[in-house]
Amino acid sequence: MDARVVTVVGIGADGWDGLPERSRAALRSADVLLGSGRQLDLVPASDAERAERVVWPSPLLPALPGLIEEHEGRAVVVLASGDPMFHGIGSALAELLGPERLLVLPHTSSVSLACARLGWRLDRVDVASLVGRPAGALNALVAPGRRILVLSAGRESPSVVAALLAGRGFGPSRMTVLSDLGADGETVQHGTAAEWTELAATALNIVAVECAPGPDAAPLPRTSGLPDAAFDHDGQITKSEVRAVTLARLAPLPGELLWDVGAGAGSVAIEWARAHPSCQAVAVESRPERAKRIERNATSLGVPGGVRVVEGVAPGALDDLPAPDAVFVGGGLTVPGLLERCWDALRPGGRLVANAVTLESEVRVAQARETYGGDLVRVSVERAAPLGGFTAWRPAMPVTIWTTRKEAV
């Protein structure tokens with residue numbers, strides 16, 4: 001075994017017996033064997049006699065570079081559950097070492113095994129993980145008729161999933177908990193979210209959900225322009241119709257980062273993050289109570305890991321933030337230097353969108369347009385409302401939207 005290469009061996013609940021010969025050979029020749037206590041116990045001492053066994057510390061990721069450096073020059077084998085590149089340690093090692101120093105020998109993932117047991121099409125299933133991640137991420141996946149596989153963080157995870165489903169009005173959803181998939185002692189539990197009371201049979205389990213709405217469910221689409229009532233807010237929110245236009249002009253693409261400056265309720269940042277699981281947003285808000293509200297909204301709408309909240313006053317609060325692919329300025333347009341700071345930080349090809357309501361902020365975006373180009377659009381929305389015994393149109397304040405793009409290098 002090349003001591004310059006770290007080998008990652010995927011192992012299932014069936015342990016040594018389920019490993020192919022190439023994975024067994026890697027374990028036999030290992031000088032150092034890294035893994036959780038449970039994973040290390042799956043490899044008999046007689047089959048990896050020469051290996052020093054090291055249990056992962058907690059937290060793992062900050063310690064990972066030091067662990068690899070400590071055993072430099074030795075044949076290091078890392079144990080991972082199932083497929084190491086699917087929500088596993090293999091991805092972190094690939095980022096740390098690069099693919100040229102990594103050999104991954106995958107096992108069948110728990111997701112593939114679960115689909116095989118359930119007769120589900122793998123390409124039609126949504127997958128979420130509770131391992132080191134907030135349960136609120138499930139909120140973005142819950143929709144009528146959808147099938148979800150949840151990678152559990154312990155025996156309590158099915159109850160966490162059930163409570164979340166019931167809280168969204170999806171209590172009738174059918175749940176199947178599969179424990180120790182692939183092992184001789186594999187177990188299956190069935191129930192509905194509304195009635196679920198059991199712990200999983202073991203900590204190594206996966207929760208399969210068939211989403212079924214109850215009468216009080218209010219499913220939300222993934223498109224821009226969610227109802228204002230979907231957000232907790234104090235009135236400081238980009239209204240639904242204007243938000244839809246704003247997001248269209250921000251034009252989120254997978255993997256891109258947004259700055260939402262003067263975020264208010266965080267509605268633009270949150271809808272940006274909902275556009276694709278890889279989209280990220282930084283919501284900058286000066287008022288502490290609003291900053292907390294953004295965090296709650298991000299969780300309730302399924303993107304707790306997709307929106308980072310920065311509490312502070314821009315432009316100073318923008319220092320040290322990663323360069324954005326798009327910037328939305330929804331508040332603070334008249335603050336000296338703010339637009340200039342946002343433009344300078346914007347990546348080549350990036351988009352800047354600013355919404356103005358007051359005369360002073362309109363003047364500011366008109367001036368900025370002279371400097372940076374782009375176009376101005378005014379959006380007016382009227383809603384039908386009672387007027388005595390009749391119905392009349394009540395206009396909302398018009399919003400001027402300035403959009404510009406930084407030339408790609």
# chains A, B, ... in the order shown; residues from 1 in each chain; ligands from 1
>>> residues_around(residues="stretch 279-291 of chain A", least_positions_apart="2", cutoff="7 Å", atoms="only C-alpha atoms", output="mmCIF file with N, CA, C and O atoms, in the first residue's frame")
data_model
loop_
_atom_site.group_PDB
_atom_site.id
_atom_site.type_symbol
_atom_site.label_atom_id
_atom_site.label_comp_id
_atom_site.auth_asym_id
_atom_site.auth_seq_id
_atom_site.Cartn_x
_atom_site.Cartn_y
_atom_site.Cartn_z
ATOM 1 N N PRO A 254 -27.033 27.333 -9.317
ATOM 2 C CA PRO A 254 -26.504 26.388 -8.329
ATOM 3 C C PRO A 254 -25.090 26.754 -7.888
ATOM 4 O O PRO A 254 -24.237 27.102 -8.714
ATOM 5 N N GLY A 255 -24.882 26.698 -6.572
ATOM 6 C CA GLY A 255 -23.557 26.926 -6.012
ATOM 7 C C GLY A 255 -23.199 28.373 -5.778
ATOM 8 O O GLY A 255 -22.108 28.664 -5.280
ATOM 9 N N GLU A 256 -24.091 29.312 -6.097
ATOM 10 C CA GLU A 256 -23.749 30.724 -5.973
ATOM 11 C C GLU A 256 -24.068 31.267 -4.580
ATOM 12 O O GLU A 256 -24.871 30.716 -3.836
ATOM 13 N N LEU A 257 -23.411 32.403 -4.263
ATOM 14 C CA LEU A 257 -23.553 33.064 -2.962
ATOM 15 C C LEU A 257 -24.179 34.443 -3.140
ATOM 16 O O LEU A 257 -23.766 35.219 -4.001
ATOM 17 N N LEU A 258 -25.165 34.746 -2.300
ATOM 18 C CA LEU A 258 -25.842 36.047 -2.285
ATOM 19 C C LEU A 258 -25.523 36.798 -1.014
ATOM 20 O O LEU A 258 -25.478 36.206 0.069
ATOM 21 N N TRP A 259 -25.308 38.111 -1.132
ATOM 22 C CA TRP A 259 -25.375 39.007 0.021
ATOM 23 C C TRP A 259 -26.747 39.661 0.011
ATOM 24 O O TRP A 259 -27.127 40.305 -0.977
ATOM 25 N N ASP A 260 -27.502 39.539 1.101
ATOM 26 C CA ASP A 260 -28.777 40.237 1.280
ATOM 27 C C ASP A 260 -28.534 41.304 2.334
ATOM 28 O O ASP A 260 -28.464 41.011 3.533
ATOM 29 N N VAL A 261 -28.367 42.547 1.896
ATOM 30 C CA VAL A 261 -27.947 43.638 2.770
ATOM 31 C C VAL A 261 -29.178 44.434 3.213
ATOM 32 O O VAL A 261 -29.942 44.921 2.388
ATOM 33 N N GLY A 262 -29.346 44.547 4.543
ATOM 34 C CA GLY A 262 -30.564 45.130 5.081
ATOM 35 C C GLY A 262 -31.687 44.130 4.941
ATOM 36 O O GLY A 262 -32.731 44.409 4.349
ATOM 37 N N ALA A 263 -31.457 42.927 5.503
ATOM 38 C CA ALA A 263 -32.266 41.751 5.147
ATOM 39 C C ALA A 263 -33.678 41.770 5.715
ATOM 40 O O ALA A 263 -34.544 41.052 5.203
ATOM 41 N N GLY A 264 -33.932 42.523 6.784
ATOM 42 C CA GLY A 264 -35.287 42.551 7.357
ATOM 43 C C GLY A 264 -35.713 41.191 7.864
ATOM 44 O O GLY A 264 -35.166 40.667 8.825
ATOM 45 N N ALA A 265 -36.699 40.579 7.213
ATOM 46 C CA ALA A 265 -37.159 39.237 7.581
ATOM 47 C C ALA A 265 -36.335 38.140 6.900
ATOM 48 O O ALA A 265 -36.556 36.958 7.155
ATOM 49 N N GLY A 266 -35.436 38.528 6.007
ATOM 50 C CA GLY A 266 -34.595 37.546 5.321
ATOM 51 C C GLY A 266 -35.271 36.858 4.159
ATOM 52 O O GLY A 266 -34.782 35.834 3.678
ATOM 53 N N ALA A 269 -33.009 36.398 0.936
ATOM 54 C CA ALA A 269 -31.933 35.428 1.195
ATOM 55 C C ALA A 269 -32.483 34.005 1.268
ATOM 56 O O ALA A 269 -31.894 33.062 0.724
ATOM 57 N N TRP A 272 -33.583 32.731 -2.134
ATOM 58 C CA TRP A 272 -32.365 32.426 -2.898
ATOM 59 C C TRP A 272 -31.865 31.037 -2.506
ATOM 60 O O TRP A 272 -31.569 30.203 -3.357
ATOM 61 N N ALA A 273 -31.750 30.768 -1.201
ATOM 62 C CA ALA A 273 -31.235 29.479 -0.731
ATOM 63 C C ALA A 273 -32.155 28.327 -1.111
ATOM 64 O O ALA A 273 -31.700 27.200 -1.317
ATOM 65 N N ALA A 275 -33.703 28.088 -3.866
ATOM 66 C CA ALA A 275 -33.665 27.871 -5.309
ATOM 67 C C ALA A 275 -32.908 26.603 -5.682
ATOM 68 O O ALA A 275 -33.238 25.950 -6.674
ATOM 69 N N HIS A 276 -31.891 26.250 -4.891
ATOM 70 C CA HIS A 276 -31.119 25.025 -5.133
ATOM 71 C C HIS A 276 -30.385 24.675 -3.844
ATOM 72 O O HIS A 276 -29.938 25.577 -3.117
ATOM 73 N N PRO A 277 -30.245 23.378 -3.520
ATOM 74 C CA PRO A 277 -29.590 23.004 -2.253
ATOM 75 C C PRO A 277 -28.168 23.540 -2.111
ATOM 76 O O PRO A 277 -27.678 23.679 -0.986
ATOM 77 N N ARG A 293 -34.999 36.650 13.942
ATOM 78 C CA ARG A 293 -36.177 36.276 13.157
ATOM 79 C C ARG A 293 -35.751 35.625 11.830
ATOM 80 O O ARG A 293 -36.378 34.673 11.367
ATOM 81 N N ILE A 294 -34.695 36.122 11.218
ATOM 82 C CA ILE A 294 -34.201 35.529 9.975
ATOM 83 C C ILE A 294 -33.803 34.074 10.211
ATOM 84 O O ILE A 294 -34.114 33.185 9.402
ATOM 85 N N GLU A 295 -33.124 33.813 11.306
ATOM 86 C CA GLU A 295 -32.714 32.439 11.617
ATOM 87 C C GLU A 295 -33.926 31.529 11.760
ATOM 88 O O GLU A 295 -33.934 30.402 11.258
ATOM 89 N N GLY A 306 -28.391 27.055 4.772
ATOM 90 C CA GLY A 306 -28.157 27.809 3.548
ATOM 91 C C GLY A 306 -28.089 29.313 3.752
ATOM 92 O O GLY A 306 -27.689 30.037 2.842
ATOM 93 N N VAL A 307 -28.487 29.791 4.939
ATOM 94 C CA VAL A 307 -28.500 31.225 5.211
ATOM 95 C C VAL A 307 -27.671 31.509 6.460
ATOM 96 O O VAL A 307 -27.973 31.027 7.545
ATOM 97 N N ARG A 308 -26.634 32.275 6.276
ATOM 98 C CA ARG A 308 -25.806 32.733 7.395
ATOM 99 C C ARG A 308 -26.231 34.137 7.755
ATOM 100 O O ARG A 308 -26.309 35.010 6.890
ATOM 101 N N VAL A 309 -26.523 34.383 9.020
ATOM 102 C CA VAL A 309 -26.971 35.697 9.462
ATOM 103 C C VAL A 309 -25.796 36.445 10.082
ATOM 104 O O VAL A 309 -25.127 35.934 10.982
ATOM 105 N N VAL A 310 -25.542 37.650 9.578
ATOM 106 C CA VAL A 310 -24.500 38.523 10.121
ATOM 107 C C VAL A 310 -25.190 39.733 10.726
ATOM 108 O O VAL A 310 -25.850 40.503 10.020
ATOM 109 N N GLU A 311 -25.059 39.889 12.033
ATOM 110 C CA GLU A 311 -25.669 41.020 12.721
ATOM 111 C C GLU A 311 -24.686 42.185 12.745
ATOM 112 O O GLU A 311 -23.595 42.078 13.301
ATOM 113 N N GLY A 312 -25.060 43.301 12.129
ATOM 114 C CA GLY A 312 -24.172 44.457 12.092
ATOM 115 C C GLY A 312 -24.651 45.466 11.075
ATOM 116 O O GLY A 312 -25.603 45.236 10.339
ATOM 117 N N VAL A 313 -23.983 46.608 11.061
ATOM 118 C CA VAL A 313 -24.348 47.710 10.183
ATOM 119 C C VAL A 313 -23.432 47.707 8.966
ATOM 120 O O VAL A 313 -22.201 47.717 9.095
#
>>> select_by_dssp(residues="stretch 303-348 of chain A", states="strand (DSSP E or B)", output="compact mmCIF listing (two decimals) with C-alpha atoms, in the first residue's frame")
# COMPACT_ATOMS: atom_id res chain seq x y z
CA VAL A 307 -28.50 31.23 5.21
CA ARG A 308 -25.81 32.73 7.40
CA VAL A 309 -26.97 35.70 9.46
CA VAL A 310 -24.50 38.52 10.12
CA GLU A 311 -25.67 41.02 12.72
CA ALA A 326 -25.04 38.48 -6.42
CA VAL A 327 -25.96 41.29 -4.04
CA PHE A 328 -29.40 42.50 -3.04
CA VAL A 329 -29.68 45.81 -1.22
>>> residues_around(residues="A:Thr334", least_positions_apart="2", cutoff="9 Å", atoms="only C-alpha atoms", output="PyMOL selection string")
chain A and resi 331-332+336-339+360-361+364
>>> residues_around(residues="stretch 374-391 of chain A", least_positions_apart="6", cutoff="7 Å", atoms="only C-alpha atoms", output="PyMOL selection string")
chain A and resi 397-405
>>> write_last_selection(atoms="N, CA and C atoms", output="PDB file, in the first residue's frame")
ATOM      1  N   MET A 397     -47.176  50.857  -2.020  1.00  0.00           N
ATOM      2  CA  MET A 397     -46.163  51.823  -2.452  1.00  0.00           C
ATOM      3  C   MET A 397     -45.379  51.242  -3.622  1.00  0.00           C
ATOM      4  N   PRO A 398     -45.179  51.997  -4.692  1.00  0.00           N
ATOM      5  CA  PRO A 398     -44.395  51.483  -5.817  1.00  0.00           C
ATOM      6  C   PRO A 398     -42.932  51.289  -5.416  1.00  0.00           C
ATOM      7  N   VAL A 399     -42.286  50.343  -6.054  1.00  0.00           N
ATOM      8  CA  VAL A 399     -40.887  50.023  -5.763  1.00  0.00           C
ATOM      9  C   VAL A 399     -40.077  50.171  -7.046  1.00  0.00           C
ATOM     10  N   THR A 400     -38.994  50.917  -6.973  1.00  0.00           N
ATOM     11  CA  THR A 400     -38.080  51.065  -8.100  1.00  0.00           C
ATOM     12  C   THR A 400     -36.948  50.057  -7.946  1.00  0.00           C
ATOM     13  N   ILE A 401     -36.755  49.227  -8.960  1.00  0.00           N
ATOM     14  CA  ILE A 401     -35.745  48.166  -8.905  1.00  0.00           C
ATOM     15  C   ILE A 401     -34.626  48.509  -9.887  1.00  0.00           C
ATOM     16  N   TRP A 402     -33.425  48.637  -9.343  1.00  0.00           N
ATOM     17  CA  TRP A 402     -32.236  48.871 -10.176  1.00  0.00           C
ATOM     18  C   TRP A 402     -31.462  47.548 -10.278  1.00  0.00           C
ATOM     19  N   THR A 403     -31.150  47.158 -11.488  1.00  0.00           N
ATOM     20  CA  THR A 403     -30.420  45.919 -11.739  1.00  0.00           C
ATOM     21  C   THR A 403     -29.223  46.216 -12.621  1.00  0.00           C
ATOM     22  N   THR A 404     -28.062  45.715 -12.231  1.00  0.00           N
ATOM     23  CA  THR A 404     -26.875  45.853 -13.058  1.00  0.00           C
ATOM     24  C   THR A 404     -26.023  44.603 -12.918  1.00  0.00           C
ATOM     25  N   ARG A 405     -25.164  44.388 -13.892  1.00  0.00           N
ATOM     26  CA  ARG A 405     -24.298  43.205 -13.924  1.00  0.00           C
ATOM     27  C   ARG A 405     -22.851  43.652 -14.108  1.00  0.00           C
TER      28      ARG A 405
END
>>> atom_distance(atom1="atom CA of A:Ser300", atom2="atom CA of A:Gly167")
10.4 Å
>>> decode(residues="stretch 66-103 of chain A", atoms="N, CA and C atoms", output="short mmCIF file (atom, residue, chain, number, x, y, z; two decimals), in the first residue's frame")
data_model
loop_
_atom_site.label_atom_id
_atom_site.label_comp_id
_atom_site.auth_asym_id
_atom_site.auth_seq_id
_atom_site.Cartn_x
_atom_site.Cartn_y
_atom_site.Cartn_z
N GLY A 66 -4.77 17.43 11.55
CA GLY A 66 -3.71 17.01 12.47
C GLY A 66 -3.57 15.50 12.54
N LEU A 67 -4.68 14.79 12.49
CA LEU A 67 -4.63 13.33 12.54
C LEU A 67 -3.91 12.76 11.32
N ILE A 68 -4.22 13.28 10.16
CA ILE A 68 -3.58 12.79 8.94
C ILE A 68 -2.09 13.12 8.96
N GLU A 69 -1.76 14.34 9.40
CA GLU A 69 -0.34 14.74 9.46
C GLU A 69 0.43 13.90 10.48
N GLU A 70 -0.22 13.57 11.58
CA GLU A 70 0.43 12.78 12.64
C GLU A 70 0.89 11.42 12.13
N HIS A 71 0.15 10.85 11.19
CA HIS A 71 0.47 9.50 10.70
C HIS A 71 1.06 9.53 9.29
N GLU A 72 1.62 10.67 8.91
CA GLU A 72 2.25 10.82 7.60
C GLU A 72 3.32 9.75 7.41
N GLY A 73 3.35 9.15 6.24
CA GLY A 73 4.35 8.13 5.93
C GLY A 73 3.96 6.72 6.32
N ARG A 74 2.80 6.58 6.95
CA ARG A 74 2.30 5.25 7.31
C ARG A 74 1.09 4.91 6.44
N ALA A 75 0.80 3.63 6.33
CA ALA A 75 -0.35 3.19 5.54
C ALA A 75 -1.62 3.43 6.34
N VAL A 76 -2.34 4.51 6.01
CA VAL A 76 -3.53 4.92 6.76
C VAL A 76 -4.78 4.46 6.03
N VAL A 77 -5.65 3.78 6.77
CA VAL A 77 -6.95 3.38 6.23
C VAL A 77 -8.04 3.99 7.12
N VAL A 78 -8.98 4.65 6.49
CA VAL A 78 -10.11 5.26 7.19
C VAL A 78 -11.36 4.43 6.92
N LEU A 79 -12.08 4.09 7.98
CA LEU A 79 -13.35 3.38 7.85
C LEU A 79 -14.50 4.38 7.75
N ALA A 80 -15.43 4.09 6.86
CA ALA A 80 -16.61 4.95 6.69
C ALA A 80 -17.83 4.06 6.53
N SER A 81 -18.98 4.57 6.93
CA SER A 81 -20.21 3.81 6.78
C SER A 81 -20.70 3.87 5.34
N GLY A 82 -20.90 2.72 4.72
CA GLY A 82 -21.47 2.67 3.37
C GLY A 82 -20.58 3.33 2.34
N ASP A 83 -21.16 4.24 1.57
CA ASP A 83 -20.43 4.96 0.53
C ASP A 83 -19.79 6.20 1.15
N PRO A 84 -18.45 6.25 1.25
CA PRO A 84 -17.77 7.37 1.93
C PRO A 84 -17.99 8.72 1.27
N MET A 85 -18.40 8.74 0.00
CA MET A 85 -18.59 10.01 -0.71
C MET A 85 -20.03 10.48 -0.68
N PHE A 86 -20.88 9.78 0.06
CA PHE A 86 -22.29 10.17 0.18
C PHE A 86 -22.56 10.52 1.63
N HIS A 87 -22.52 11.84 1.93
CA HIS A 87 -22.68 12.32 3.30
C HIS A 87 -21.65 11.67 4.23
N GLY A 88 -20.45 11.40 3.72
CA GLY A 88 -19.47 10.68 4.51
C GLY A 88 -18.13 11.40 4.60
N ILE A 89 -17.20 10.76 5.32
CA ILE A 89 -15.88 11.34 5.58
C ILE A 89 -15.04 11.46 4.32
N GLY A 90 -15.38 10.68 3.29
CA GLY A 90 -14.60 10.73 2.06
C GLY A 90 -14.59 12.10 1.43
N SER A 91 -15.72 12.81 1.49
CA SER A 91 -15.80 14.15 0.89
C SER A 91 -14.87 15.13 1.60
N ALA A 92 -14.84 15.06 2.94
CA ALA A 92 -13.97 15.95 3.70
C ALA A 92 -12.50 15.65 3.40
N LEU A 93 -12.16 14.37 3.28
CA LEU A 93 -10.77 13.99 2.98
C LEU A 93 -10.38 14.40 1.57
N ALA A 94 -11.31 14.34 0.63
CA ALA A 94 -11.02 14.76 -0.73
C ALA A 94 -10.69 16.25 -0.78
N GLU A 95 -11.42 17.06 0.00
CA GLU A 95 -11.13 18.49 0.05
C GLU A 95 -9.80 18.75 0.74
N LEU A 96 -9.48 17.97 1.75
CA LEU A 96 -8.25 18.17 2.52
C LEU A 96 -7.01 17.73 1.76
N LEU A 97 -7.08 16.57 1.13
CA LEU A 97 -5.90 15.96 0.53
C LEU A 97 -5.83 16.11 -0.98
N GLY A 98 -6.98 16.25 -1.63
CA GLY A 98 -7.03 16.21 -3.08
C GLY A 98 -7.20 14.78 -3.55
N PRO A 99 -7.83 14.57 -4.70
CA PRO A 99 -8.13 13.21 -5.17
C PRO A 99 -6.89 12.37 -5.45
N GLU A 100 -5.76 13.01 -5.74
CA GLU A 100 -4.55 12.24 -6.06
C GLU A 100 -3.96 11.54 -4.85
N ARG A 101 -4.33 11.95 -3.64
CA ARG A 101 -3.83 11.31 -2.42
C ARG A 101 -4.92 10.49 -1.72
N LEU A 102 -5.95 10.18 -2.45
CA LEU A 102 -7.08 9.49 -1.83
C LEU A 102 -7.51 8.31 -2.69
N LEU A 103 -7.70 7.15 -2.05
CA LEU A 103 -8.26 5.97 -2.71
C LEU A 103 -9.52 5.59 -1.95
#
